[in-house]
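Structure file coords_35.cif (mmCIF, C-alpha atoms) is printed below.
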data_data
loop_
_atom_site.label_atom_id
_atom_site.label_comp_id
_atom_site.auth_asym_id
_atom_site.auth_seq_id
_atom_site.Cartn_x
_atom_site.Cartn_y
_atom_site.Cartn_z
CA MET F 1 4.03 -10.32 4.15
CA SER F 2 2.97 -9.01 7.50
CA ALA F 3 3.67 -11.29 10.44
CA ASN F 4 0.60 -9.83 12.13
CA PHE F 5 -2.66 -11.72 12.02
CA GLY F 6 -5.19 -9.33 10.53
CA GLY F 7 -8.22 -11.60 10.54
CA TYR F 8 -9.93 -9.56 13.25
CA ARG F 9 -10.17 -6.72 10.71
CA PHE F 10 -13.00 -8.33 8.76
CA VAL F 11 -16.53 -7.14 9.30
CA LEU F 12 -18.40 -9.71 7.29
CA PRO F 13 -21.82 -8.70 6.02
CA SER F 14 -23.88 -11.15 4.00
CA GLY F 15 -22.85 -11.48 0.39
CA VAL F 16 -19.07 -11.05 0.66
CA THR F 17 -17.61 -11.55 -2.80
CA THR F 18 -14.50 -13.73 -3.08
CA THR F 19 -12.22 -15.06 -5.76
CA VAL F 20 -9.33 -17.52 -5.81
CA LEU F 21 -6.04 -16.39 -7.33
CA PRO F 22 -2.60 -18.04 -7.45
CA VAL F 23 0.20 -16.80 -5.20
CA PRO F 24 3.97 -17.24 -5.62
CA ALA F 25 5.96 -19.85 -3.74
CA SER F 26 7.84 -18.78 -0.58
CA THR F 27 5.61 -15.75 0.01
CA GLN F 28 4.13 -15.10 3.45
CA ILE F 29 0.57 -13.81 3.44
CA SER F 30 -1.41 -13.04 6.57
CA ILE F 31 -5.17 -13.06 6.79
CA GLY F 32 -6.19 -9.44 6.31
CA ASP F 33 -3.32 -8.45 4.00
CA LEU F 34 -4.26 -6.20 1.08
CA LEU F 35 -3.23 -7.83 -2.22
CA TYR F 36 -2.41 -6.68 -5.74
CA TRP F 37 -2.20 -8.61 -9.04
CA THR F 38 1.20 -8.87 -10.77
CA GLY F 39 -0.26 -10.35 -13.95
CA THR F 40 0.66 -13.84 -12.74
CA TYR F 41 0.13 -13.86 -8.96
CA ALA F 42 -1.67 -12.10 -6.13
CA GLN F 43 0.87 -10.67 -3.67
CA PRO F 44 0.78 -8.58 -0.48
CA LEU F 45 1.31 -4.85 -1.01
CA SER F 46 4.67 -4.96 0.78
CA SER F 47 5.98 -7.13 -2.09
CA TYR F 48 5.44 -4.21 -4.48
CA THR F 49 8.58 -2.16 -5.18
CA GLY F 50 7.67 1.47 -4.64
CA ASN F 51 8.81 3.88 -7.33
CA GLY F 52 9.68 6.86 -5.14
CA ASN F 53 6.38 8.74 -5.39
CA ALA F 54 3.48 7.87 -3.06
CA VAL F 55 0.77 9.12 -5.45
CA VAL F 56 2.20 7.10 -8.37
CA ASP F 57 2.34 4.04 -6.08
CA GLN F 58 -1.31 4.61 -5.10
CA ALA F 59 -2.42 4.84 -8.74
CA SER F 60 -0.39 1.79 -9.78
CA ILE F 61 -1.67 -0.36 -6.92
CA ALA F 62 -5.28 0.85 -7.30
CA ALA F 63 -5.25 -0.33 -10.93
CA ALA F 64 -3.95 -3.78 -9.90
CA PHE F 65 -5.68 -4.12 -6.50
CA VAL F 66 -7.58 -7.41 -6.09
CA GLY F 67 -8.73 -7.42 -2.47
CA VAL F 68 -8.01 -8.80 0.99
CA ALA F 69 -6.48 -12.19 1.85
CA GLN F 70 -9.00 -14.39 3.64
CA GLN F 71 -6.52 -17.23 3.89
CA GLY F 72 -2.99 -17.27 5.30
CA ARG F 73 0.19 -18.71 3.86
CA ILE F 74 3.60 -19.34 5.44
CA ALA F 75 6.84 -18.28 3.76
CA ALA F 76 8.26 -21.80 4.15
CA GLN F 77 5.70 -23.10 1.68
CA THR F 78 7.70 -23.59 -1.49
CA THR F 79 4.87 -24.47 -3.85
CA ALA F 80 2.59 -21.95 -5.49
CA GLY F 81 -0.99 -22.05 -4.25
CA GLY F 82 -2.77 -21.62 -0.95
CA TYR F 83 -2.04 -22.82 2.57
CA PRO F 84 -2.89 -25.50 3.63
CA ASP F 85 -3.33 -26.41 -0.02
CA TYR F 86 -6.96 -25.44 -0.17
CA PRO F 87 -7.87 -24.31 -2.67
CA ILE F 88 -5.06 -26.23 -4.29
CA ASN F 89 -3.92 -23.61 -6.80
CA GLY F 90 -4.54 -20.34 -5.01
CA ILE F 91 -5.63 -18.30 -2.05
CA VAL F 92 -9.12 -17.03 -1.18
CA ILE F 93 -9.39 -13.26 -1.60
CA GLY F 94 -12.28 -11.01 -0.60
CA THR F 95 -12.91 -8.67 -3.54
CA ASP F 96 -15.91 -6.78 -2.16
CA LEU F 97 -16.19 -6.64 1.61
CA VAL F 98 -16.21 -4.42 4.67
CA TYR F 99 -12.80 -4.15 6.35
CA GLU F 100 -11.43 -2.47 9.47
CA ALA F 101 -8.20 -0.83 8.31
CA SER F 102 -5.44 0.90 10.25
CA CYS F 103 -4.86 4.54 9.31
CA ALA F 104 -2.99 7.62 10.46
CA SER F 105 -5.00 9.59 13.02
CA ASN F 106 -7.70 11.43 11.06
CA THR F 107 -11.43 12.17 10.82
CA PHE F 108 -13.53 10.64 8.03
CA GLU F 109 -16.95 11.14 6.45
CA CYS F 110 -19.06 8.42 4.86
CA GLY F 111 -17.98 8.05 1.24
CA ASP F 112 -14.44 9.38 1.69
CA LEU F 113 -12.13 7.51 -0.68
CA VAL F 114 -9.19 5.51 0.67
CA GLY F 115 -6.05 4.21 -0.99
CA ILE F 116 -2.91 2.35 -0.05
CA VAL F 117 -0.23 3.73 2.26
CA SER F 118 3.15 4.24 0.58
CA ASP F 119 6.13 5.86 2.29
CA GLY F 120 7.25 7.20 -1.10
CA THR F 121 10.55 5.33 -1.34
CA SER F 122 11.88 3.26 -4.24
CA ALA F 123 12.02 -0.04 -2.40
CA ALA F 124 10.16 -3.24 -1.66
CA GLY F 125 8.34 -2.93 1.65
CA ALA F 126 7.51 0.74 1.03
CA ILE F 127 3.79 -0.06 1.05
CA SER F 128 1.77 -1.15 4.07
CA ASP F 129 -0.09 -4.47 3.97
CA GLN F 130 -3.05 -3.58 6.19
CA SER F 131 -3.37 0.23 6.28
CA VAL F 132 -5.20 2.87 4.23
CA VAL F 133 -5.06 6.64 3.81
CA GLY F 134 -7.60 9.13 2.49
CA VAL F 135 -7.19 9.95 -1.22
CA ALA F 136 -8.76 12.68 -3.36
CA ASN F 137 -9.29 10.89 -6.68
CA GLU F 138 -11.09 7.67 -7.65
CA ASN F 139 -8.09 6.47 -9.69
CA LEU F 140 -6.12 6.28 -6.40
CA ALA F 141 -8.85 4.52 -4.40
CA ILE F 142 -9.20 0.89 -3.35
CA GLY F 143 -12.39 1.57 -1.38
CA TYR F 144 -14.38 4.08 0.60
CA VAL F 145 -15.31 4.86 4.21
CA ILE F 146 -18.71 3.55 5.35
CA GLN F 147 -18.90 5.12 8.81
CA LYS F 148 -18.54 8.74 9.98
CA TYR F 149 -15.65 9.49 12.37
CA SER F 150 -16.17 12.95 13.91
CA SER F 151 -13.12 12.63 16.13
CA ALA F 152 -9.70 11.43 15.03
CA THR F 153 -9.36 7.66 14.72
CA THR F 154 -6.54 5.24 13.88
CA SER F 155 -8.89 2.52 12.64
CA VAL F 156 -11.47 3.09 9.89
CA ARG F 157 -14.25 0.87 8.54
CA VAL F 158 -14.13 0.79 4.74
CA ARG F 159 -15.72 -1.06 1.86
CA ILE F 160 -12.84 -2.61 -0.07
CA LEU F 161 -13.36 -3.08 -3.81
CA GLY F 162 -10.98 -5.31 -5.74
CA LYS F 163 -10.71 -4.96 -9.48
CA ASN F 164 -12.59 -8.27 -9.94
CA SER F 165 -15.67 -7.04 -8.07
CA ASN F 166 -18.84 -5.48 -9.50
CA GLY F 167 -18.22 -2.51 -7.22
CA PHE F 168 -14.86 -1.93 -8.88
CA ALA F 169 -16.48 -1.80 -12.30
CA ASN F 170 -19.02 0.67 -10.89
CA PRO F 171 -17.60 2.35 -7.76
CA LYS F 172 -20.89 4.22 -7.20
CA ILE F 173 -22.55 0.94 -6.12
CA GLY F 174 -23.36 1.28 -2.45
CA ARG F 175 -22.40 4.97 -2.35
CA ALA F 176 -25.84 6.36 -3.19
CA HIS F 177 -26.18 7.73 0.36
CA VAL F 178 -23.11 9.95 -0.08
#
Take the structure I supplied and represent it as structure tokens, if you would.
Amino acid sequence: MSANFGGYRFVLPSGVTTTVLPVPASTQISIGDLLYWTGTYAQPLSSYTGNGNAVVDQASIAAAFVGVAQQGRIAAQTTAGGYPDYPINGIVIGTDLVYEASCASNTFECGDLVGIVSDGTSAAGAISDQSVVGVANENLAIGYVIQKYSSATTSVRVRILGKNSNGFANPKIGRAHV
């Protein structure tokens, strides 16, 4: 539901894996928003109602994480599907791709796991749509860092793995160099 265009965040190597999933009516989605699956729809992370514990939010979202929106949608659209109605019943989502994510100032090593950013409150909007944070456990991760950052950075290049991707089923794919 970010009003910020995040399309510049994509670093598209060959073989980006995508899927098409339905989205709810009257929901704004920006290109580059991280999305989770509700069981019926793909929605931006800020639509998720935090439960008051950042780690629990990270685990819950990681289990339902589907990828990154590669198509935008305006909130005024009152029909479920994608904008501008292509594909007609959903929105294109990158499930295995390289992504330039915002992060709190930090250093990273190749292979460091990243998860969603939750402010730890029990409210909708508690989770950031286009940012990641380092996490310690694979059950909290939505991807991993693919470039070393020796000095602190506020933007990190990560491989995002949605639950529909082969990499999600086997998170060690592509991490052999770690």
Counting only C-alpha atoms, which of F:Thr38, F:Thr95, F:Gln28, F:Asn139 gets nearest to Gly115 (chain F)?
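Residue with the minimum atom-to-atom distance to Gly115 (chain F): F:Asn139.
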Which distance in Å separates CA of Phe65 (chain F) and CA of Val156 (chain F), to one decimal?
18.8 Å
Rounded to one decimal in Å, what is the spacing between CA of Asp96 (chain F) and CA of Ser128 (chain F)?
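Those two atoms sit 19.6 Å apart.
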How many Å lie between CA of Val98 (chain F) and CA of Gly125 (chain F), rounded to one decimal?
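Taking CA of Val98 (chain F) as the start and CA of Gly125 (chain F) as the end point, the length is 24.8 Å.
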Go through the shown structure with the PyMOL selection byres ((chain F and resi 133) around 9) and write out the matching residues as a ChimeraX atom specification.
/F:102-104,113-117,131-132,134-135
Convert the current residue selection to file output with C-alpha atoms, as a PDB file, in the coordinates of the input.
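Result file follows (part18.pdb):
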ATOM      1  CA  SER F 102      -5.440   0.900  10.250  1.00  0.00           C
ATOM      2  CA  CYS F 103      -4.860   4.540   9.310  1.00  0.00           C
ATOM      3  CA  ALA F 104      -2.990   7.620  10.460  1.00  0.00           C
ATOM      4  CA  LEU F 113     -12.130   7.510  -0.680  1.00  0.00           C
ATOM      5  CA  VAL F 114      -9.190   5.510   0.670  1.00  0.00           C
ATOM      6  CA  GLY F 115      -6.050   4.210  -0.990  1.00  0.00           C
ATOM      7  CA  ILE F 116      -2.910   2.350  -0.050  1.00  0.00           C
ATOM      8  CA  VAL F 117      -0.230   3.730   2.260  1.00  0.00           C
ATOM      9  CA  SER F 131      -3.370   0.230   6.280  1.00  0.00           C
ATOM     10  CA  VAL F 132      -5.200   2.870   4.230  1.00  0.00           C
ATOM     11  CA  GLY F 134      -7.600   9.130   2.490  1.00  0.00           C
ATOM     12  CA  VAL F 135      -7.190   9.950  -1.220  1.00  0.00           C
TER      13      VAL F 135
END
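Of the listed residues F:Ala64, F:Ala152, F:Val145, F:Leu34, the one whose atoms come nearest to Thr107 (chain F) is F:Ala152, with distances taken using all atoms listed in the file.
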With all atoms listed in the file as the basis for distance, which of F:Glu109, F:Gln43, F:Ser151, F:Leu140 is at the shortest distance from Ser30 (chain F)?
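Distance minimum relative to Ser30 (chain F) lands on F:Gln43.
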For Val68 (chain F), work out the shell of residues within 7 Å, counting only C-alpha atoms and skipping chain neighbours fewer than 6 positions away, then give it as a PyMOL selection string.
chain F and resi 32-35+93-95
Which residues match the PyMOL selection byres ((chain F and resi 158) around 6) in the file above, as a PyMOL selection string?
chain F and resi 98-99+144-146+157+159
Written as JSON, numbers by chain, which residues does the PyMOL selection byres ((chain F and resi 73) around 6) give for the file shown?
{"F": [28, 29, 72, 74, 83]}
For the residues selected in the previous step, produce a file with C-alpha atoms as a PDB file, keeping the file's coordinate frame.
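Below is the file that was written, result.pdb:
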ATOM      1  CA  GLN F  28       4.130 -15.100   3.450  1.00  0.00           C
ATOM      2  CA  ILE F  29       0.570 -13.810   3.440  1.00  0.00           C
ATOM      3  CA  GLY F  72      -2.990 -17.270   5.300  1.00  0.00           C
ATOM      4  CA  ILE F  74       3.600 -19.340   5.440  1.00  0.00           C
ATOM      5  CA  TYR F  83      -2.040 -22.820   2.570  1.00  0.00           C
TER       6      TYR F  83
END
Mind listing as a VMD selection string all residues within 6 Å of (6.8, 6.1, -0.2), counting all atoms listed in the file?
chain F and resid 52 to 54 118 to 121 126
Pick from F:Ser47, F:Thr19, F:Asn137, F:Gln71 nearest to Ala59 (chain F), counting all atoms listed in the file:
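Answer, going by the shortest atom-to-atom distance: F:Asn137.
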With only C-alpha atoms as the basis for distance, which of F:Val92, F:Ala42, F:Ala63, F:Val55 is at the shortest distance from Ala136 (chain F)?
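Looking only at the distances to Ala136 (chain F), the closest residue turns out to be F:Val55.
Proximity of F:Val66, F:Cys110, F:Ala124, F:Leu161 to Val20 (chain F), computed with all atoms listed in the file, is greatest for F:Val66.
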